Amino acid sequence: MTIQMPTYSEKVLNQFAQKEWGKVQAFLKKQYSLPDDDCNDIFQESFIILLKNAKEGKLKDMTSSLSTYFLGICRNKARELLRSKKHSVNIDDDYTFDAMSDVKDEKINNLLTLDSAKSLIEQKEALARQIVHDLPKPCNELLWGFFRDNYSLQTLAIMLSKTVGYVKVTKHRCQEKFRKRYGDLVKALL
Amino acid sequence: MVTDKELQNDERISAYLRGEMTADEEAAFKKELETDEELRSQANAVAHLAKAMRQVGEKQDEDIKEALLSSDEESVRKIAAEVTHKAKVIPLRRRLVKVVSLAACVLLLVGVGFQYYNFRAVTGLGDTYGSAFVSEQPLSRGAENETVAKELTSLYANVQNGKDLDATIKRLSVLWELSTMDTFNDYTNEAPYIGWNLAIANLKNNDKDAAKEVLTRLISKTEDGSAVNVKSKELLEKIK
């Protein structure tokens, strides 16, 4: 028997889809009280829209992360569906999705100048990248969601089906874990 | 126990990074950074975290965009359907049919699953060991020949990402031969890394025998106790 192995592109898209599905589903259910079947349809249609937008070159100059962009497509599809079913969409209830402002490069660089040991910058950046690559759950969801996708704590709470308080405290603990791990690795490097 | 002050500091660091502080708040925050060592360390770590996420995230997004561009609607539709399928609500009358189908699938999967297990066991080793020497590769080593460095960086990246493995293995095999020649050439100094990446690429491509062959040769060509030598022995042992 021969096994059809997925291509590299299929593997990449599959990983992305798997990562997004849980967040999208939780968001659509909580925010719009949609049943599972509608969530499935919205996700699948949004994925096709994402493909079409990529082919049309619409993703070239995007400033947000792909994850945030994709959730935006899903949200629009959900609102379309609700409108077609004559549900009133309360825009005020939708505030939690509004992504926060981007983290500014200039501000990051200002804080990086506080580094007590200014040598081996490239190696230290590589260490930080290595840590963020391997973050365990739920730190990966929280920190990526907050710093890369620019989701508010409220949106993250919805996506993870947790309270805002939990998200706030857990995010802090995850940051502290990062600080410790990063500090230990840098010490070993110096 | 997380204190209120620590949480407040988090919020302030985040507000600063996003440019959401008023001029007065920002001035006070900067002043405090000068005197409060704990806040300074916390802020510095968050800045490293944010920068790393920006760098890694942008790279990942580029990979996904590239994957989208090289995919067609049918395969994307299939992926989305497969991912959402698990949670699909099945009406009661269809559940019995599903159970029977599932039983048949289980029988089929036992066969396929065994082969997949072997595949994962081999490719998984490639994933685990793939990044062992990332930081020592050409980007940070400043190779003399820029074209060589560029090509190697791109090939190593392909190995890391499991991308274009067939073509990458083909090219690395040629370079591996060149790098291990007796006469000094552009690739001589890179030999351990070319060999290592070739072995990893073979593993990721589920070719255990080819990986073993490269590793055996790599061990004989590298100094006993050197990092590549030690890792190669370790990996070879695991493959066996």
# chains A, B, ... in the order shown; residues from 1 in each chain; ligands from 1

call {"tool": "closest_atom_pairs", "arguments": {"of": "chain B", "to": "chain A", "cutoff": "8 Å", "atoms": "only C-alpha atoms", "output": "JSON lines"}}
result
{"residue": "B:Val2", "atom": "CA", "partner": "A:Val169", "partner_atom": "CA", "distance": 7.0}
{"residue": "B:Glu6", "atom": "CA", "partner": "A:His172", "partner_atom": "CA", "distance": 7.9}
{"residue": "B:Leu7", "atom": "CA", "partner": "A:His172", "partner_atom": "CA", "distance": 6.9}
{"residue": "B:Asp10", "atom": "CA", "partner": "A:His172", "partner_atom": "CA", "distance": 7.0}
{"residue": "B:Tyr16", "atom": "CA", "partner": "A:Lys107", "partner_atom": "CA", "distance": 7.1}
{"residue": "B:Leu17", "atom": "CA", "partner": "A:Lys107", "partner_atom": "CA", "distance": 5.2}
{"residue": "B:Arg18", "atom": "CA", "partner": "A:Val103", "partner_atom": "CA", "distance": 4.5}
{"residue": "B:Gly19", "atom": "CA", "partner": "A:Lys104", "partner_atom": "CA", "distance": 7.0}
{"residue": "B:Glu20", "atom": "CA", "partner": "A:Ser101", "partner_atom": "CA", "distance": 7.9}
{"residue": "B:Arg40", "atom": "CA", "partner": "A:Leu114", "partner_atom": "CA", "distance": 6.9}
{"residue": "B:Ser41", "atom": "CA", "partner": "A:Asp115", "partner_atom": "CA", "distance": 7.9}
{"residue": "B:Gln42", "atom": "CA", "partner": "A:Arg179", "partner_atom": "CA", "distance": 7.3}
{"residue": "B:Ala43", "atom": "CA", "partner": "A:Leu111", "partner_atom": "CA", "distance": 6.4}
{"residue": "B:Asn44", "atom": "CA", "partner": "A:Leu111", "partner_atom": "CA", "distance": 5.4}
{"residue": "B:Ala45", "atom": "CA", "partner": "A:Arg179", "partner_atom": "CA", "distance": 5.4}
{"residue": "B:Val46", "atom": "CA", "partner": "A:Gln175", "partner_atom": "CA", "distance": 6.9}
{"residue": "B:Ala47", "atom": "CA", "partner": "A:Ile108", "partner_atom": "CA", "distance": 5.1}
{"residue": "B:His48", "atom": "CA", "partner": "A:Ala128", "partner_atom": "CA", "distance": 6.6}
{"residue": "B:Leu49", "atom": "CA", "partner": "A:Ala128", "partner_atom": "CA", "distance": 6.5}
{"residue": "B:Ala50", "atom": "CA", "partner": "A:Phe147", "partner_atom": "CA", "distance": 5.8}
{"residue": "B:Lys51", "atom": "CA", "partner": "A:Ile108", "partner_atom": "CA", "distance": 6.9}
{"residue": "B:Ala52", "atom": "CA", "partner": "A:Arg129", "partner_atom": "CA", "distance": 4.8}
{"residue": "B:Met53", "atom": "CA", "partner": "A:Arg148", "partner_atom": "CA", "distance": 6.1}
{"residue": "B:Arg54", "atom": "CA", "partner": "A:Arg148", "partner_atom": "CA", "distance": 6.2}
{"residue": "B:Gln55", "atom": "CA", "partner": "A:Arg129", "partner_atom": "CA", "distance": 7.7}
{"residue": "B:Val56", "atom": "CA", "partner": "A:Arg129", "partner_atom": "CA", "distance": 6.5}
{"residue": "B:Gly57", "atom": "CA", "partner": "A:Arg148", "partner_atom": "CA", "distance": 6.9}
{"residue": "B:Glu58", "atom": "CA", "partner": "A:Ser65", "partner_atom": "CA", "distance": 7.5}
{"residue": "B:Asp61", "atom": "CA", "partner": "A:Leu66", "partner_atom": "CA", "distance": 6.0}
{"residue": "B:Asp63", "atom": "CA", "partner": "A:Val12", "partner_atom": "CA", "distance": 7.5}
{"residue": "B:Ile64", "atom": "CA", "partner": "A:Val12", "partner_atom": "CA", "distance": 6.2}
{"residue": "B:Lys65", "atom": "CA", "partner": "A:Ala54", "partner_atom": "CA", "distance": 6.6}
{"residue": "B:Glu66", "atom": "CA", "partner": "A:Ser9", "partner_atom": "CA", "distance": 7.8}
{"residue": "B:Ala67", "atom": "CA", "partner": "A:Ser9", "partner_atom": "CA", "distance": 4.5}
{"residue": "B:Leu68", "atom": "CA", "partner": "A:Leu51", "partner_atom": "CA", "distance": 5.7}
{"residue": "B:Leu69", "atom": "CA", "partner": "A:Lys55", "partner_atom": "CA", "distance": 5.8}
{"residue": "B:Ser70", "atom": "CA", "partner": "A:Ser9", "partner_atom": "CA", "distance": 7.1}
{"residue": "B:Ser71", "atom": "CA", "partner": "A:Ser9", "partner_atom": "CA", "distance": 7.0}
{"residue": "B:Glu73", "atom": "CA", "partner": "A:Ile48", "partner_atom": "CA", "distance": 6.7}
{"residue": "B:Ser75", "atom": "CA", "partner": "A:Glu10", "partner_atom": "CA", "distance": 7.6}
{"residue": "B:Val76", "atom": "CA", "partner": "A:Ile48", "partner_atom": "CA", "distance": 6.7}
{"residue": "B:Arg77", "atom": "CA", "partner": "A:Ile48", "partner_atom": "CA", "distance": 6.6}
{"residue": "B:Ile79", "atom": "CA", "partner": "A:Asn14", "partner_atom": "CA", "distance": 6.0}
{"residue": "B:Ala80", "atom": "CA", "partner": "A:Gln44", "partner_atom": "CA", "distance": 5.2}
{"residue": "B:Ala81", "atom": "CA", "partner": "A:Gln44", "partner_atom": "CA", "distance": 6.4}
{"residue": "B:Val83", "atom": "CA", "partner": "A:Gln18", "partner_atom": "CA", "distance": 5.9}
{"residue": "B:Thr84", "atom": "CA", "partner": "A:Asn40", "partner_atom": "CA", "distance": 5.7}
{"residue": "B:His85", "atom": "CA", "partner": "A:Asn40", "partner_atom": "CA", "distance": 7.7}
{"residue": "B:Ala87", "atom": "CA", "partner": "A:Asp36", "partner_atom": "CA", "distance": 7.1}
{"residue": "B:Lys88", "atom": "CA", "partner": "A:Asp37", "partner_atom": "CA", "distance": 6.2}
{"residue": "B:Val89", "atom": "CA", "partner": "A:Asp37", "partner_atom": "CA", "distance": 6.4}
{"residue": "B:Val112", "atom": "CA", "partner": "A:Ile3", "partner_atom": "CA", "distance": 7.5}
{"residue": "B:Ser135", "atom": "CA", "partner": "A:Ala126", "partner_atom": "CA", "distance": 7.4}
{"residue": "B:Gly162", "atom": "CA", "partner": "A:Tyr8", "partner_atom": "CA", "distance": 7.1}
{"residue": "B:Lys163", "atom": "CA", "partner": "A:Tyr8", "partner_atom": "CA", "distance": 6.0}
{"residue": "B:Asp164", "atom": "CA", "partner": "A:Tyr8", "partner_atom": "CA", "distance": 7.6}

call {"tool": "closest_residue", "arguments": {"among": "B:Leu198, B:Leu125, B:Ala132, B:Ile219", "to": "B:Arg171", "atoms": "only C-alpha atoms"}}
result
B:Leu198

call {"tool": "residues_around", "arguments": {"residues": "B:Ala191", "least_positions_apart": "3", "cutoff": "7 Å", "atoms": "only C-alpha atoms", "output": "PyMOL selection string"}}
result
chain B and resi 176+179-180+187-188+194-195

call {"tool": "write_last_selection", "arguments": {"atoms": "N, CA and C atoms", "output": "PDB file, in the first residue's frame"}}
result
ATOM      1  N   TRP B 176      28.203  17.918  -0.648  1.00  0.00           N
ATOM      2  CA  TRP B 176      28.818  17.032   0.351  1.00  0.00           C
ATOM      3  C   TRP B 176      30.051  16.352  -0.250  1.00  0.00           C
ATOM      4  N   SER B 179      32.704  19.048  -0.709  1.00  0.00           N
ATOM      5  CA  SER B 179      33.280  19.518   0.550  1.00  0.00           C
ATOM      6  C   SER B 179      34.221  18.495   1.186  1.00  0.00           C
ATOM      7  N   THR B 180      34.027  17.230   0.832  1.00  0.00           N
ATOM      8  CA  THR B 180      34.877  16.203   1.454  1.00  0.00           C
ATOM      9  C   THR B 180      36.048  15.786   0.544  1.00  0.00           C
ATOM     10  N   TYR B 187      33.789  24.826  -0.334  1.00  0.00           N
ATOM     11  CA  TYR B 187      32.884  24.104   0.566  1.00  0.00           C
ATOM     12  C   TYR B 187      33.604  23.331   1.678  1.00  0.00           C
ATOM     13  N   THR B 188      34.914  23.298   1.595  1.00  0.00           N
ATOM     14  CA  THR B 188      35.676  22.476   2.547  1.00  0.00           C
ATOM     15  C   THR B 188      35.333  22.800   4.003  1.00  0.00           C
ATOM     16  N   ILE B 194      27.288  20.790   5.978  1.00  0.00           N
ATOM     17  CA  ILE B 194      26.637  20.239   4.777  1.00  0.00           C
ATOM     18  C   ILE B 194      26.235  18.784   5.056  1.00  0.00           C
ATOM     19  N   GLY B 195      27.183  18.034   5.638  1.00  0.00           N
ATOM     20  CA  GLY B 195      26.900  16.627   5.955  1.00  0.00           C
ATOM     21  C   GLY B 195      25.749  16.492   6.926  1.00  0.00           C
TER      22      GLY B 195
END

call {"tool": "residues_around", "arguments": {"residues": "A:Asn76", "least_positions_apart": "5", "cutoff": "10 Å", "atoms": "only C-alpha atoms", "output": "tab-separated table (two decimals) with C-alpha atoms, in the first residue's frame"}}
result
chain	number	residue	atom	x	y	z
A	42	ILE	CA	-17.87	30.02	7.96
A	46	SER	CA	-13.22	32.01	4.92
A	70	PHE	CA	-8.11	35.51	8.83
A	71	LEU	CA	-10.21	36.03	11.93
A	81	LEU	CA	-24.75	35.12	7.79
A	82	LEU	CA	-26.52	36.76	10.72
